[in-house]
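Accompanying notes for the structure given below.
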Amino acid sequence: MSKQAPVIAPSILSADFARLGEDTRKVLDAGAQWVHFDVMDNHYVPNLTIGPMVLKALRDYGITEHIDVHLMVKPVDRIVPDFAKAGARSISFHPEASEHVDRTIQLIQGEGCEAGLVFNPATPLSWLDFVMDKIDMVLIMSVNPGFGGQKFIPSALEKIRQVRERIDASGRKIRLEVDGGVTPDNIGAISAAGADTFVAGSAIFNAPDYADVIRRMHAAIDGK
Ligand SMILES: O=C(CO)[C@@H](O)[C@H](O)COP(=O)(O)O
């Protein structure tokens, strides 16, 4: 397997929104590498969250680490430049929400960000067929998007294995990220299936000690 170095990306969907800068700083200081930024539009998914102004506010607060934007919005393209200007480092989108997938990838990369394709539990991997030479990341959803705190859907493990094979066959450095119901108890199996980038919301932010959960997650990824 040609996995990238493991990254834990806490989803700030489960953070304390009244103290977002402080809580984001706290989770990064507890050992997380990235911040996962969930954008929901009450159209593509049945929930409404945060946008580019909030991302910019985190940058202004002093968050300099990688902010990984997951767009659960339709249409996709018109909001991409705003997120790039606000300070996103990677931007992932759902292919079925984009009118022209290849053009959206070019748009994201042209704005200086890494581009990812996101797959819902029932979205087929055939969307990858003609873009493996372009994308920087594949994000496998292990819950249906829209809400934090859902249970991991086990069929995601087979999907992760299939994506890992495709990434290895491509010979490119493509991150394989998994999002939804990730906990210290299942992260070892998710890693063994081929993932290298792990989004977790409730498992981290609902815990009394962020550093302890992140430490246990890294140990499970290392097979300890
Ligand atoms: O994008 C989503 C949900 O749509 C995720 O990022 C969840 O917010 C992850 O939360 P947990 O399942 O880890 O609580």
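Labeling convention for the structure tokens: chains A, B, ... as they appear, residues from 1 per chain, ligands from 1 in order of appearance.
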Any chance you could tabulate, as JSON lines, the residues of chain A at most 6 Å from ligand 1 with each one's nearest atom pair and distance in Å to one decimal, using only C-alpha atoms and all ligand atoms, in chain and rising number order?
```
{"residue": "A:Ser11", "atom": "CA", "partner": "ligand 1", "partner_atom_place_in_ligand_line": "6 (O)", "distance": 5.2}
{"residue": "A:Leu13", "atom": "CA", "partner": "ligand 1", "partner_atom_place_in_ligand_line": "8 (O)", "distance": 5.4}
{"residue": "A:Asp38", "atom": "CA", "partner": "ligand 1", "partner_atom_place_in_ligand_line": "1 (O)", "distance": 5.6}
{"residue": "A:Pro145", "atom": "CA", "partner": "ligand 1", "partner_atom_place_in_ligand_line": "4 (O)", "distance": 3.3}
{"residue": "A:Gly146", "atom": "CA", "partner": "ligand 1", "partner_atom_place_in_ligand_line": "4 (O)", "distance": 3.9}
{"residue": "A:Phe147", "atom": "CA", "partner": "ligand 1", "partner_atom_place_in_ligand_line": "3 (C)", "distance": 4.5}
{"residue": "A:Gly148", "atom": "CA", "partner": "ligand 1", "partner_atom_place_in_ligand_line": "10 (O)", "distance": 3.7}
{"residue": "A:Gly149", "atom": "CA", "partner": "ligand 1", "partner_atom_place_in_ligand_line": "14 (O)", "distance": 3.5}
{"residue": "A:Gln150", "atom": "CA", "partner": "ligand 1", "partner_atom_place_in_ligand_line": "12 (O)", "distance": 5.0}
{"residue": "A:Asp179", "atom": "CA", "partner": "ligand 1", "partner_atom_place_in_ligand_line": "5 (C)", "distance": 5.5}
{"residue": "A:Gly180", "atom": "CA", "partner": "ligand 1", "partner_atom_place_in_ligand_line": "12 (O)", "distance": 3.7}
{"residue": "A:Gly181", "atom": "CA", "partner": "ligand 1", "partner_atom_place_in_ligand_line": "12 (O)", "distance": 3.7}
{"residue": "A:Val182", "atom": "CA", "partner": "ligand 1", "partner_atom_place_in_ligand_line": "13 (O)", "distance": 5.4}
{"residue": "A:Ala200", "atom": "CA", "partner": "ligand 1", "partner_atom_place_in_ligand_line": "13 (O)", "distance": 3.7}
{"residue": "A:Gly201", "atom": "CA", "partner": "ligand 1", "partner_atom_place_in_ligand_line": "13 (O)", "distance": 3.6}
{"residue": "A:Ser202", "atom": "CA", "partner": "ligand 1", "partner_atom_place_in_ligand_line": "14 (O)", "distance": 3.7}
{"residue": "A:Ala203", "atom": "CA", "partner": "ligand 1", "partner_atom_place_in_ligand_line": "13 (O)", "distance": 5.9}
```
Could you save those same residues with C-alpha atoms as a PDB file, in the first residue's frame?
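Saved file result_29.pdb follows:
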```pdb
ATOM      1  CA  SER A  11     -14.822  17.842  12.092  1.00  0.00           C
ATOM      2  CA  LEU A  13     -19.286  20.474  13.017  1.00  0.00           C
ATOM      3  CA  ASP A  38     -18.247  20.785   6.838  1.00  0.00           C
ATOM      4  CA  PRO A 145     -24.051  13.294   4.767  1.00  0.00           C
ATOM      5  CA  GLY A 146     -25.893  15.974   6.715  1.00  0.00           C
ATOM      6  CA  PHE A 147     -25.357  15.268  10.401  1.00  0.00           C
ATOM      7  CA  GLY A 148     -22.660  14.389  12.895  1.00  0.00           C
ATOM      8  CA  GLY A 149     -23.026  11.604  15.433  1.00  0.00           C
ATOM      9  CA  GLN A 150     -24.253   8.837  13.086  1.00  0.00           C
ATOM     10  CA  ASP A 179     -15.669  10.493   7.270  1.00  0.00           C
ATOM     11  CA  GLY A 180     -18.605   9.430   9.448  1.00  0.00           C
ATOM     12  CA  GLY A 181     -18.852   7.441  12.656  1.00  0.00           C
ATOM     13  CA  VAL A 182     -15.055   7.155  13.013  1.00  0.00           C
ATOM     14  CA  ALA A 200     -13.949  12.425  13.393  1.00  0.00           C
ATOM     15  CA  GLY A 201     -16.429  14.846  14.917  1.00  0.00           C
ATOM     16  CA  SER A 202     -18.432  13.574  17.860  1.00  0.00           C
ATOM     17  CA  ALA A 203     -15.828  10.993  18.949  1.00  0.00           C
TER      18      ALA A 203
END
```
Please list as a list in words every residue within 6 Å of stretch 33-36 of chain A, counting only C-alpha atoms and excluding residues in the same chain fewer than 3 positions away.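 These residues fall inside the cut-off: Val7, Ile8, Ala9, Pro10, Ser11, His66, Ile67 and Asp68 of chain A.
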Could you write those residues out with N, CA and C atoms, as a PDB file, in the first residue's frame?
```
ATOM      1  N   VAL A   7      -3.298  11.272   9.019  1.00  0.00           N
ATOM      2  CA  VAL A   7      -3.790  12.584   9.460  1.00  0.00           C
ATOM      3  C   VAL A   7      -5.128  12.385  10.169  1.00  0.00           C
ATOM      4  N   ILE A   8      -5.252  13.004  11.355  1.00  0.00           N
ATOM      5  CA  ILE A   8      -6.550  13.067  12.039  1.00  0.00           C
ATOM      6  C   ILE A   8      -7.101  14.479  11.796  1.00  0.00           C
ATOM      7  N   ALA A   9      -8.317  14.517  11.261  1.00  0.00           N
ATOM      8  CA  ALA A   9      -8.942  15.795  10.897  1.00  0.00           C
ATOM      9  C   ALA A   9     -10.273  15.933  11.648  1.00  0.00           C
ATOM     10  N   PRO A  10     -10.255  16.538  12.832  1.00  0.00           N
ATOM     11  CA  PRO A  10     -11.512  16.690  13.581  1.00  0.00           C
ATOM     12  C   PRO A  10     -12.517  17.551  12.808  1.00  0.00           C
ATOM     13  N   SER A  11     -13.761  17.077  12.746  1.00  0.00           N
ATOM     14  CA  SER A  11     -14.822  17.842  12.092  1.00  0.00           C
ATOM     15  C   SER A  11     -15.365  18.862  13.077  1.00  0.00           C
ATOM     16  N   HIS A  66      -3.767  23.177   8.140  1.00  0.00           N
ATOM     17  CA  HIS A  66      -4.535  22.775   6.948  1.00  0.00           C
ATOM     18  C   HIS A  66      -6.042  22.767   7.268  1.00  0.00           C
ATOM     19  N   ILE A  67      -6.804  23.573   6.558  1.00  0.00           N
ATOM     20  CA  ILE A  67      -8.279  23.522   6.682  1.00  0.00           C
ATOM     21  C   ILE A  67      -8.824  22.820   5.440  1.00  0.00           C
ATOM     22  N   ASP A  68      -9.512  21.710   5.714  1.00  0.00           N
ATOM     23  CA  ASP A  68      -9.976  20.755   4.705  1.00  0.00           C
ATOM     24  C   ASP A  68     -11.492  20.955   4.552  1.00  0.00           C
TER      25      ASP A  68
END
```
Contacts of A:Arg216 within 12 Å, only C-alpha atoms, excl. fewer than 3 positions in-chain, as a ChimeraX atom specification: /A:8,30-32,183-188,203-204,209-213,219-224
In stretch 2-224 of chain A, what's alpha helix (DSSP H) per DSSP? Answer as an mmCIF file with C-alpha atoms, in the first residue's frame?
```cif
data_model
loop_
_atom_site.group_PDB
_atom_site.id
_atom_site.type_symbol
_atom_site.label_atom_id
_atom_site.label_comp_id
_atom_site.auth_asym_id
_atom_site.auth_seq_id
_atom_site.Cartn_x
_atom_site.Cartn_y
_atom_site.Cartn_z
ATOM 1 C CA LEU A 20 -15.127 28.127 17.593
ATOM 2 C CA GLY A 21 -11.649 29.669 17.402
ATOM 3 C CA GLU A 22 -10.758 28.572 20.909
ATOM 4 C CA ASP A 23 -12.119 25.034 20.460
ATOM 5 C CA THR A 24 -10.353 24.642 17.083
ATOM 6 C CA ARG A 25 -7.043 25.772 18.628
ATOM 7 C CA LYS A 26 -7.589 23.326 21.489
ATOM 8 C CA VAL A 27 -8.123 20.299 19.225
ATOM 9 C CA LEU A 28 -5.053 21.152 17.112
ATOM 10 C CA ASP A 29 -2.932 21.581 20.241
ATOM 11 C CA PRO A 52 -16.270 31.161 3.821
ATOM 12 C CA MET A 53 -16.714 34.019 6.321
ATOM 13 C CA VAL A 54 -16.359 31.584 9.215
ATOM 14 C CA LEU A 55 -13.292 30.016 7.611
ATOM 15 C CA LYS A 56 -11.727 33.475 7.215
ATOM 16 C CA ALA A 57 -12.565 34.207 10.874
ATOM 17 C CA LEU A 58 -10.612 31.083 11.896
ATOM 18 C CA ARG A 59 -7.615 32.280 9.825
ATOM 19 C CA ASP A 60 -7.895 35.733 11.413
ATOM 20 C CA TYR A 61 -8.010 34.082 14.840
ATOM 21 C CA VAL A 80 -15.235 27.533 -4.647
ATOM 22 C CA PRO A 81 -13.275 30.820 -5.172
ATOM 23 C CA ASP A 82 -14.711 32.262 -1.942
ATOM 24 C CA PHE A 83 -13.419 29.290 0.079
ATOM 25 C CA ALA A 84 -10.012 29.462 -1.606
ATOM 26 C CA LYS A 85 -9.705 33.192 -0.859
ATOM 27 C CA ALA A 86 -10.824 32.589 2.738
ATOM 28 C CA VAL A 101 -16.746 17.285 -12.560
ATOM 29 C CA ASP A 102 -13.520 17.755 -14.519
ATOM 30 C CA ARG A 103 -14.102 21.529 -14.697
ATOM 31 C CA THR A 104 -14.741 21.733 -10.940
ATOM 32 C CA ILE A 105 -11.457 19.895 -10.239
ATOM 33 C CA GLN A 106 -9.628 22.366 -12.498
ATOM 34 C CA LEU A 107 -11.371 25.288 -10.801
ATOM 35 C CA ILE A 108 -10.317 24.139 -7.299
ATOM 36 C CA GLN A 109 -6.716 23.465 -8.327
ATOM 37 C CA GLY A 110 -6.576 26.711 -10.320
ATOM 38 C CA ALA A 156 -17.643 1.500 3.596
ATOM 39 C CA LEU A 157 -14.735 -0.830 4.445
ATOM 40 C CA GLU A 158 -15.010 -2.704 1.125
ATOM 41 C CA LYS A 159 -15.301 0.605 -0.708
ATOM 42 C CA ILE A 160 -12.132 1.870 1.003
ATOM 43 C CA ARG A 161 -10.299 -1.312 -0.099
ATOM 44 C CA GLN A 162 -11.400 -0.770 -3.705
ATOM 45 C CA VAL A 163 -10.302 2.886 -3.667
ATOM 46 C CA ARG A 164 -6.938 1.904 -2.155
ATOM 47 C CA GLU A 165 -6.384 -0.501 -5.080
ATOM 48 C CA ARG A 166 -7.202 2.243 -7.570
ATOM 49 C CA ILE A 167 -4.900 4.741 -5.858
ATOM 50 C CA ASP A 168 -2.016 2.267 -5.702
ATOM 51 C CA ALA A 169 -2.539 1.370 -9.381
ATOM 52 C CA SER A 170 -2.445 5.077 -10.296
ATOM 53 C CA ILE A 187 -10.232 3.418 13.164
ATOM 54 C CA GLY A 188 -7.780 0.474 13.153
ATOM 55 C CA ALA A 189 -10.000 -1.478 10.716
ATOM 56 C CA ILE A 190 -10.528 1.652 8.590
ATOM 57 C CA SER A 191 -6.763 2.143 8.400
ATOM 58 C CA ALA A 192 -6.159 -1.544 7.605
ATOM 59 C CA ALA A 193 -8.635 -1.237 4.708
ATOM 60 C CA SER A 202 -18.432 13.574 17.860
ATOM 61 C CA ALA A 203 -15.828 10.993 18.949
ATOM 62 C CA ILE A 204 -13.359 13.822 19.596
ATOM 63 C CA PHE A 205 -15.451 16.857 20.539
ATOM 64 C CA TYR A 210 -9.258 15.566 23.154
ATOM 65 C CA ALA A 211 -5.578 14.592 23.433
ATOM 66 C CA ASP A 212 -6.442 11.208 24.918
ATOM 67 C CA VAL A 213 -8.865 10.308 22.066
ATOM 68 C CA ILE A 214 -6.432 11.481 19.376
ATOM 69 C CA ARG A 215 -3.614 9.508 21.020
ATOM 70 C CA ARG A 216 -5.806 6.373 21.101
ATOM 71 C CA MET A 217 -6.747 6.909 17.450
ATOM 72 C CA HIS A 218 -3.098 7.156 16.375
ATOM 73 C CA ALA A 219 -2.221 4.039 18.400
ATOM 74 C CA ALA A 220 -5.033 2.070 16.702
ATOM 75 C CA ILE A 221 -3.882 3.300 13.256
#
```
At what distance in Å, to one decimal, does atom CA of A:Met137 lie from atom CA of A:Pro6?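 Interatomic distance here is 13.4 Å.
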Considering only C-alpha atoms, return as a PyMOL selection string whatever protein or nucleic-acid residues lie within 8 Å of A:Leu139, sequence-local ones (same chain, fewer than 5 positions apart) excluded. chain A and resi 92+116-119+176-179
Could you give me, as a list in words, the residues within 9 Å of A:Met132, counting only C-alpha atoms and dropping anything in the same chain fewer than 2 positions from it?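 Using only C-alpha atoms, the neighbours found are Leu128, Asp129, Phe130, Lys134, Ile135, Asp136, Arg166, Ile167, Ser170, Arg172 and Ile174 of chain A.
Between atom CA of A:Pro154 and atom CA of A:Lys74 lies a distance of 27.2 Å.
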